[in-house]
Structure formats: C-alpha cells, structure tokens
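Down below is the structure, laid out as structure tokens.
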Amino acid sequence: MTTAAALETLASPGTANPEWIWRSGALVPWDEAAVHVNAVGHASVAAVFEGIKAYLAADGQRLLVFRLDDHLRRLTDSARLCRLTLPHTAQELHRAVVELLTANDYRQDAYLRPWAFPGGIIREQMVPADALCEVIVDSWPFRSALDTERGCRAAVSSWLRVGESSMPPRAKAFSNYHNGRLAMMEARENGHDWPVMLNERHKVSEGAGACLALVRDGVVATPSLSSGVLPGITRDTALALLRTQGVPVEEREVDRSELCLADEIFFMGTAWEILPVTTIDGLRVADGTAGAVTRRLSEAYGRLMRGEDDRFPQWITEVPLS
Ligand code: PMP
C-alpha cells in the first residue's frame, strides 16, 4: 500500500458506522443524528474540531485515549480564537468521550472527532458570535500504521500556510483546512504524497495536517510555535520522548534549504503518527528510508500509545473493555 492510500484509509470512516454518536449532552443513535439542510453551522466557516485517538492497549483489556484533556483544551482555545461559545465544559466533554467509546464497544483503535459549531438555521455567512453552539462527538475505527514500514514523498507547496495576518493558525478550525487541502492537491498533482507549507516569512511551517521536524548531525529541529503551526500534541509528545532519549531538540525558525540538507525528516500528527519523509522536492532524504532517530522515536511512540511506557500517566485516559 502506498503511503497516500494508507493515510486515506485511516482518514475515512470506513463502511461500518458506529451505533452511537454523542450530541449535546447525550448519546444519540447514529441514524437519528440529523440536521436540517439550512442548519449549515456544522459545516460552516465557524466550526472547530479535534482529532483524538484511542489505542487498544497491548494487553487487549483497555482503550487508552491519548492526551484527551490536552485535545479538549485545544478545542476550547480554538473556540475562543474563533469567537464561539462552547455549551459544555472540558470535563463534560471528557466524560462524553469515555461514554461514547464504552457505548460503541470498540475493541480496536478508534478515532474521535469532537466538533463544535453554531447550531440551528443559519442564513448569515458571518455567523454571529453569540450563535448558540452545538457539540457532537463522532468516532470510528482507525487502523494504526505504527507497525507499518512506510515513508512519504513530500514537496514544498506554493501555498503559504495561513498566518496570524489572515486566520489564527493555532485554531483547529475547519476553514483553515481549505488552505491545507489546496496544498495537498498540488502535491498530489505533482507526483508527491504530502505538502510542506512555508509561513508568511517563507520559513518552514508544517504539513497539511501534521507538524514536521528534521534531523541533522543528530540534532532535531522543528519550527517553533510562532511559525504558523497548529500547536501539535504529537509534536509536543515527540519532543518529550526525544528528550528522554537524550536527543538534542531545537524549536526555532527553519529554512527551506535545511530540508534539502537534512539527514532525516518526519511528520508528526495524531492521524499520521510518526511518518518518515523519504524524498523532499524529489531529492532523496539520506538513503531514502526512515533514519535511526525517526525509527527510535516511532518505536517509543508506539510503546507509549499501547500502554507499555508508564512514564507519562497524565497523558492516558483508560477506558476498560467490558
Ligand atoms: N497541523 C494541522 C493543520 C493539523 O490538522 C494537525 C492534526 N490535528 C496537526 C498539525 C498535528 O496536530 P496533533 O499532533 O495534535 O494531531
């Protein structure tokens, strides 16, 4: 399977819909979670969301939701940046996620998408700030690529990543994804898998849906949080794991030419996990396979997700299987 195909599989809900979806405070049967055609808030310019993963523990007894509270904090931050008012607290949404996973009885890795949007009939493009928000939590089985040998071809996009002068890049807002989608399509049209986006200062920012890091002479460098990146939770996790491995880490401005000179490059994201880049703008990265730092990090990430590393208990929410 090519990388692109693999990731599309991961991103799609698949054929079997779950039994339950969480909506506005209660579990609702999937088929009843409808909206009126004029209730466009769920897909409007003013909607924010999160992408969270629950991994099946190595012992097969529990689902482990990874950094749930950090994701919910980012959802709250996104809502504030987009002038939306969430009708539920982070604690309520935490309970909603646990309740939904239990109700759907997943016995495999699952992906969760909490989603906040202006509810009701909307006829105004500029959704008012006081519009009553609704929150749903959707979920679906998600096949992890942690144990898969893979790599992707990346290319610098002609589209710049949205910046502070246009839209807040720190918000995980649906409208920001038009930007990443155009970059992704350009990459695919030119025979690559994924784009790397530069920011308004023409420094490296991130991929369309994942952060990025490079390795040169044993030092990891990743664009700082002021580079127009979404503050990635996988990025933060990867940096913490690298530090425990004694790998020097720099968060700073990264030049485009550093990508061409890197010994290793990898993407980091909840959906993509740790994804090695094998070519950049058509140039092979080192020997064109995942490098040693990327491999060690990917293994450590996999152990953490499966509950085999107990150094970060604050990052794991356990959901026992019945
Ligand atoms: N950037 C963008 C635009 C994203 O959509 C994502 C995925 N949420 C990321 C970066 C990576 O963030 P995280 O590691 O928190 O999934």
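Letters A, B, ... mark the chains of the structure tokens in the order given; residue numbers begin at 1 per chain; ligand numbers begin at 1, in order shown.
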Near-ligand residues for ligand 1, threshold 6 Å, only C-alpha atoms and all ligand atoms, as JSON, numbers by chain: {"A": [51, 208, 209, 210, 211, 230, 232, 233, 234, 235, 268, 269, 270]}
Keeping N, CA, C and O atoms for every residue in the selection just given, could you write it to a file as an mmCIF file, in the first residue's frame?
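So selection-v4.cif came out as:
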```
data_model
loop_
_atom_site.group_PDB
_atom_site.id
_atom_site.type_symbol
_atom_site.label_atom_id
_atom_site.label_comp_id
_atom_site.auth_asym_id
_atom_site.auth_seq_id
_atom_site.Cartn_x
_atom_site.Cartn_y
_atom_site.Cartn_z
ATOM 1 N N GLY A 51 -9.065 16.068 16.667
ATOM 2 C CA GLY A 51 -8.842 14.696 16.224
ATOM 3 C C GLY A 51 -8.064 13.989 17.318
ATOM 4 O O GLY A 51 -6.948 14.399 17.657
ATOM 5 N N ALA A 208 0.161 19.577 5.768
ATOM 6 C CA ALA A 208 -1.271 19.883 5.794
ATOM 7 C C ALA A 208 -1.946 18.850 6.689
ATOM 8 O O ALA A 208 -2.517 17.888 6.202
ATOM 9 N N GLY A 209 -1.828 19.011 7.991
ATOM 10 C CA GLY A 209 -2.449 18.048 8.901
ATOM 11 C C GLY A 209 -1.444 17.376 9.819
ATOM 12 O O GLY A 209 -1.784 16.435 10.530
ATOM 13 N N ALA A 210 -0.215 17.848 9.813
ATOM 14 C CA ALA A 210 0.799 17.295 10.717
ATOM 15 C C ALA A 210 1.941 18.296 10.846
ATOM 16 O O ALA A 210 2.190 19.076 9.925
ATOM 17 N N CYS A 211 2.618 18.271 11.978
ATOM 18 C CA CYS A 211 3.810 19.091 12.146
ATOM 19 C C CYS A 211 5.002 18.344 11.558
ATOM 20 O O CYS A 211 4.881 17.194 11.143
ATOM 21 N N LEU A 230 -0.103 24.594 13.858
ATOM 22 C CA LEU A 230 -1.064 24.221 14.889
ATOM 23 C C LEU A 230 -0.210 23.648 16.025
ATOM 24 O O LEU A 230 0.703 22.859 15.748
ATOM 25 N N GLY A 232 0.826 21.219 17.790
ATOM 26 C CA GLY A 232 0.562 19.784 17.664
ATOM 27 C C GLY A 232 0.820 19.043 18.966
ATOM 28 O O GLY A 232 1.852 19.244 19.627
ATOM 29 N N ILE A 233 -0.094 18.180 19.307
ATOM 30 C CA ILE A 233 0.059 17.383 20.527
ATOM 31 C C ILE A 233 1.050 16.250 20.268
ATOM 32 O O ILE A 233 1.831 15.872 21.139
ATOM 33 N N THR A 234 1.079 15.745 19.053
ATOM 34 C CA THR A 234 2.084 14.732 18.709
ATOM 35 C C THR A 234 3.476 15.366 18.687
ATOM 36 O O THR A 234 4.457 14.754 19.116
ATOM 37 N N ARG A 235 3.548 16.591 18.203
ATOM 38 C CA ARG A 235 4.830 17.321 18.195
ATOM 39 C C ARG A 235 5.358 17.427 19.618
ATOM 40 O O ARG A 235 6.514 17.111 19.897
ATOM 41 N N MET A 268 4.631 14.616 12.152
ATOM 42 C CA MET A 268 4.105 14.195 13.457
ATOM 43 C C MET A 268 2.662 14.663 13.563
ATOM 44 O O MET A 268 2.408 15.869 13.463
ATOM 45 N N GLY A 269 1.738 13.742 13.765
ATOM 46 C CA GLY A 269 0.335 14.134 13.937
ATOM 47 C C GLY A 269 -0.462 12.972 14.504
ATOM 48 O O GLY A 269 -0.043 11.815 14.390
ATOM 49 N N THR A 270 -1.597 13.276 15.081
ATOM 50 C CA THR A 270 -2.429 12.223 15.675
ATOM 51 C C THR A 270 -2.766 11.159 14.635
ATOM 52 O O THR A 270 -2.641 9.962 14.881
#
```
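Excluding range 147-155 of chain A and any residue on its chain fewer than 2 positions from it, the residues at most 6 Å away by only C-alpha atoms are A:Thr3, A:Ala145, A:His192, A:Asp193, A:Trp194, A:Pro195, A:Val196, A:Pro276, A:Val277, A:Thr278, A:Thr279, A:Ile280, A:Asp281.
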Do you know which residues are at most 8 Å from Gly41 in chain A counting only C-alpha atoms, after dropping those on the same chain fewer than 4 positions away, and could you put them as an MDAnalysis selection string? chainID A and resid 45:47 117:122
Residue selection dump (N, CA, C and O atoms) as a PDB file, in the first residue's frame:
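What follows is the written file out07.pdb:
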```pdb
ATOM      1  N   VAL A  45     -18.138  28.210   8.035  1.00  0.00           N
ATOM      2  CA  VAL A  45     -16.813  28.787   8.252  1.00  0.00           C
ATOM      3  C   VAL A  45     -16.475  28.868   9.739  1.00  0.00           C
ATOM      4  O   VAL A  45     -15.317  28.983  10.095  1.00  0.00           O
ATOM      5  N   ALA A  46     -17.492  28.832  10.581  1.00  0.00           N
ATOM      6  CA  ALA A  46     -17.229  28.959  12.016  1.00  0.00           C
ATOM      7  C   ALA A  46     -17.476  27.621  12.700  1.00  0.00           C
ATOM      8  O   ALA A  46     -18.464  27.451  13.389  1.00  0.00           O
ATOM      9  N   ALA A  47     -16.607  26.673  12.506  1.00  0.00           N
ATOM     10  CA  ALA A  47     -16.720  25.395  13.216  1.00  0.00           C
ATOM     11  C   ALA A  47     -15.309  24.944  13.575  1.00  0.00           C
ATOM     12  O   ALA A  47     -14.371  25.123  12.792  1.00  0.00           O
ATOM     13  N   PHE A 117     -19.998  23.690  16.683  1.00  0.00           N
ATOM     14  CA  PHE A 117     -20.461  24.513  15.562  1.00  0.00           C
ATOM     15  C   PHE A 117     -21.711  25.282  15.948  1.00  0.00           C
ATOM     16  O   PHE A 117     -22.468  24.861  16.836  1.00  0.00           O
ATOM     17  N   PRO A 118     -21.957  26.399  15.278  1.00  0.00           N
ATOM     18  CA  PRO A 118     -23.183  27.155  15.557  1.00  0.00           C
ATOM     19  C   PRO A 118     -24.385  26.308  15.156  1.00  0.00           C
ATOM     20  O   PRO A 118     -24.449  25.818  14.034  1.00  0.00           O
ATOM     21  N   GLY A 119     -25.328  26.122  16.084  1.00  0.00           N
ATOM     22  CA  GLY A 119     -26.483  25.263  15.808  1.00  0.00           C
ATOM     23  C   GLY A 119     -27.626  26.043  15.184  1.00  0.00           C
ATOM     24  O   GLY A 119     -27.567  27.267  15.033  1.00  0.00           O
ATOM     25  N   GLY A 120     -28.677  25.332  14.803  1.00  0.00           N
ATOM     26  CA  GLY A 120     -29.896  25.960  14.286  1.00  0.00           C
ATOM     27  C   GLY A 120     -29.775  26.423  12.846  1.00  0.00           C
ATOM     28  O   GLY A 120     -28.757  26.214  12.186  1.00  0.00           O
ATOM     29  N   ILE A 121     -30.855  27.068  12.362  1.00  0.00           N
ATOM     30  CA  ILE A 121     -30.902  27.553  10.976  1.00  0.00           C
ATOM     31  C   ILE A 121     -30.024  28.801  10.857  1.00  0.00           C
ATOM     32  O   ILE A 121     -30.148  29.724  11.660  1.00  0.00           O
ATOM     33  N   ILE A 122     -29.152  28.811   9.868  1.00  0.00           N
ATOM     34  CA  ILE A 122     -28.231  29.940   9.723  1.00  0.00           C
ATOM     35  C   ILE A 122     -28.345  30.497   8.307  1.00  0.00           C
ATOM     36  O   ILE A 122     -28.169  29.758   7.322  1.00  0.00           O
TER      37      ILE A 122
END
```
List as a ChimeraX atom specification the protein and nucleic acid residues near Ser298 in chain A, meaning an atom at most 8 Å away when only C-alpha atoms are counted, but skip any in the same chain fewer than 2 places from it. /A:146,273-274,294-296,300-302
Next, the residues of the selection above should be written as an mmCIF file, in the first residue's frame with N, CA, C and O atoms.
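Generated output (selection.cif):
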```cif
data_model
loop_
_atom_site.group_PDB
_atom_site.id
_atom_site.type_symbol
_atom_site.label_atom_id
_atom_site.label_comp_id
_atom_site.auth_asym_id
_atom_site.auth_seq_id
_atom_site.Cartn_x
_atom_site.Cartn_y
_atom_site.Cartn_z
ATOM 1 N N LEU A 146 1.336 2.229 13.069
ATOM 2 C CA LEU A 146 2.535 2.213 13.906
ATOM 3 C C LEU A 146 3.491 1.076 13.556
ATOM 4 O O LEU A 146 4.700 1.231 13.637
ATOM 5 N N GLU A 273 0.715 9.808 12.955
ATOM 6 C CA GLU A 273 1.673 9.298 13.946
ATOM 7 C C GLU A 273 3.067 9.845 13.584
ATOM 8 O O GLU A 273 3.181 11.040 13.333
ATOM 9 N N ILE A 274 4.083 8.989 13.541
ATOM 10 C CA ILE A 274 5.410 9.483 13.135
ATOM 11 C C ILE A 274 5.650 8.954 11.716
ATOM 12 O O ILE A 274 5.820 7.745 11.521
ATOM 13 N N THR A 294 14.358 8.752 13.669
ATOM 14 C CA THR A 294 12.927 8.600 13.377
ATOM 15 C C THR A 294 12.430 7.236 13.840
ATOM 16 O O THR A 294 11.358 7.104 14.431
ATOM 17 N N ARG A 295 13.213 6.197 13.561
ATOM 18 C CA ARG A 295 12.806 4.833 13.955
ATOM 19 C C ARG A 295 12.695 4.695 15.469
ATOM 20 O O ARG A 295 11.718 4.157 15.978
ATOM 21 N N ARG A 296 13.716 5.197 16.169
ATOM 22 C CA ARG A 296 13.698 5.072 17.646
ATOM 23 C C ARG A 296 12.502 5.836 18.217
ATOM 24 O O ARG A 296 11.817 5.370 19.115
ATOM 25 N N ALA A 300 9.260 4.315 20.277
ATOM 26 C CA ALA A 300 8.898 4.828 21.610
ATOM 27 C C ALA A 300 7.451 5.324 21.604
ATOM 28 O O ALA A 300 6.699 5.123 22.573
ATOM 29 N N TYR A 301 7.057 5.969 20.524
ATOM 30 C CA TYR A 301 5.680 6.477 20.399
ATOM 31 C C TYR A 301 4.697 5.304 20.427
ATOM 32 O O TYR A 301 3.683 5.347 21.125
ATOM 33 N N GLY A 302 5.029 4.239 19.716
ATOM 34 C CA GLY A 302 4.165 3.053 19.682
ATOM 35 C C GLY A 302 4.019 2.422 21.061
ATOM 36 O O GLY A 302 2.908 2.064 21.478
#
```
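Each of A:Val162, A:Val293, A:Cys82, A:Val247 was checked against Cys133 in chain A using only C-alpha atoms; the smallest atom-to-atom distance is that of A:Cys82.
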Taking the backbone alone, and naming residues the way the document does, which bits of range 109-307 of chain A are strand (DSSP E or B) by DSSP, as a PyMOL selection string? chain A and resi 110-118+133-141+152-156+173+194-198+204-207+211-216+219-223+249-252+264-269+273-280+283-284
Any chance you can output those residues with C-alpha atoms as a PDB file, in the first residue's frame?
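Result file follows (result19.pdb):
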```
ATOM      1  CA  ALA A 110     -10.580   4.324  17.348  1.00  0.00           C
ATOM      2  CA  TYR A 111     -10.515   7.922  16.172  1.00  0.00           C
ATOM      3  CA  LEU A 112     -12.643  10.565  17.897  1.00  0.00           C
ATOM      4  CA  ARG A 113     -13.766  13.868  16.466  1.00  0.00           C
ATOM      5  CA  PRO A 114     -15.375  16.347  18.873  1.00  0.00           C
ATOM      6  CA  TRP A 115     -16.838  19.117  16.781  1.00  0.00           C
ATOM      7  CA  ALA A 116     -18.319  22.451  17.896  1.00  0.00           C
ATOM      8  CA  PHE A 117     -20.461  24.513  15.562  1.00  0.00           C
ATOM      9  CA  PRO A 118     -23.183  27.155  15.557  1.00  0.00           C
ATOM     10  CA  CYS A 133     -23.145  26.323  19.645  1.00  0.00           C
ATOM     11  CA  GLU A 134     -23.772  22.631  19.451  1.00  0.00           C
ATOM     12  CA  VAL A 135     -21.161  19.949  20.110  1.00  0.00           C
ATOM     13  CA  ILE A 136     -21.072  16.451  18.736  1.00  0.00           C
ATOM     14  CA  VAL A 137     -18.502  13.730  19.275  1.00  0.00           C
ATOM     15  CA  ASP A 138     -18.136  11.386  16.341  1.00  0.00           C
ATOM     16  CA  SER A 139     -15.955   8.254  16.352  1.00  0.00           C
ATOM     17  CA  TRP A 140     -14.871   5.467  14.056  1.00  0.00           C
ATOM     18  CA  PRO A 141     -12.423   2.564  13.973  1.00  0.00           C
ATOM     19  CA  CYS A 152       6.218   9.534   2.071  1.00  0.00           C
ATOM     20  CA  ARG A 153       7.306  11.879  -0.671  1.00  0.00           C
ATOM     21  CA  ALA A 154       6.984  15.495   0.411  1.00  0.00           C
ATOM     22  CA  ALA A 155       7.264  18.736  -1.522  1.00  0.00           C
ATOM     23  CA  VAL A 156       7.265  22.394  -0.552  1.00  0.00           C
ATOM     24  CA  ALA A 173     -10.910  25.406  12.567  1.00  0.00           C
ATOM     25  CA  TRP A 194       2.171  15.445   1.098  1.00  0.00           C
ATOM     26  CA  PRO A 195       2.991  19.145   1.086  1.00  0.00           C
ATOM     27  CA  VAL A 196       5.289  21.076   3.372  1.00  0.00           C
ATOM     28  CA  MET A 197       3.932  24.581   3.832  1.00  0.00           C
ATOM     29  CA  LEU A 198       6.014  27.689   4.368  1.00  0.00           C
ATOM     30  CA  VAL A 204       9.093  26.170   7.147  1.00  0.00           C
ATOM     31  CA  SER A 205       5.756  25.817   8.941  1.00  0.00           C
ATOM     32  CA  GLU A 206       4.131  22.362   8.805  1.00  0.00           C
ATOM     33  CA  GLY A 207       2.450  19.758   6.634  1.00  0.00           C
ATOM     34  CA  CYS A 211       3.810  19.091  12.146  1.00  0.00           C
ATOM     35  CA  LEU A 212       7.292  18.437  10.859  1.00  0.00           C
ATOM     36  CA  ALA A 213      10.836  18.008  12.173  1.00  0.00           C
ATOM     37  CA  LEU A 214      14.222  17.365  10.617  1.00  0.00           C
ATOM     38  CA  VAL A 215      17.419  15.793  11.916  1.00  0.00           C
ATOM     39  CA  ARG A 216      20.901  16.948  11.020  1.00  0.00           C
ATOM     40  CA  VAL A 219      20.078  17.309  16.394  1.00  0.00           C
ATOM     41  CA  VAL A 220      16.319  17.530  15.866  1.00  0.00           C
ATOM     42  CA  ALA A 221      14.942  20.888  14.692  1.00  0.00           C
ATOM     43  CA  THR A 222      11.256  21.722  14.436  1.00  0.00           C
ATOM     44  CA  PRO A 223       9.557  25.021  13.543  1.00  0.00           C
ATOM     45  CA  VAL A 249      15.965  19.289  20.269  1.00  0.00           C
ATOM     46  CA  GLU A 250      15.678  22.801  18.850  1.00  0.00           C
ATOM     47  CA  GLU A 251      12.385  24.684  18.414  1.00  0.00           C
ATOM     48  CA  ARG A 252      13.224  27.570  16.099  1.00  0.00           C
ATOM     49  CA  GLU A 264      16.079  12.706   8.334  1.00  0.00           C
ATOM     50  CA  ILE A 265      12.692  14.403   8.096  1.00  0.00           C
ATOM     51  CA  PHE A 266       9.448  13.224   9.678  1.00  0.00           C
ATOM     52  CA  PHE A 267       5.859  14.378  10.064  1.00  0.00           C
ATOM     53  CA  MET A 268       4.105  14.195  13.457  1.00  0.00           C
ATOM     54  CA  GLY A 269       0.335  14.134  13.937  1.00  0.00           C
ATOM     55  CA  GLU A 273       1.673   9.298  13.946  1.00  0.00           C
ATOM     56  CA  ILE A 274       5.410   9.483  13.135  1.00  0.00           C
ATOM     57  CA  LEU A 275       5.692   9.433   9.346  1.00  0.00           C
ATOM     58  CA  PRO A 276       9.181   9.412   7.739  1.00  0.00           C
ATOM     59  CA  VAL A 277       9.746  11.590   4.682  1.00  0.00           C
ATOM     60  CA  THR A 278      11.774   9.733   2.058  1.00  0.00           C
ATOM     61  CA  THR A 279      12.013  12.423  -0.622  1.00  0.00           C
ATOM     62  CA  ILE A 280      11.756  16.185  -0.390  1.00  0.00           C
ATOM     63  CA  LEU A 283      15.571  14.735  -3.594  1.00  0.00           C
ATOM     64  CA  ARG A 284      16.149  11.555  -1.607  1.00  0.00           C
TER      65      ARG A 284
END
```
Set the distance at 10 Å and use only C-alpha atoms: which residues neighbour range 24-34 of chain A once local chain neighbours fewer than 2 positions away are removed? I'd like the list as an NGL selection string. :A and (17-22 or 36-37 or 39 or 87-88 or 92-93 or 95-96 or 99-100 or 103 or 116 or 133-138)
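With only C-alpha atoms as the atoms that count, the minimum distance from Asn176 in chain A to the choices A:Val48, A:Leu242, A:Leu321, A:Ala90 is reached by A:Val48.
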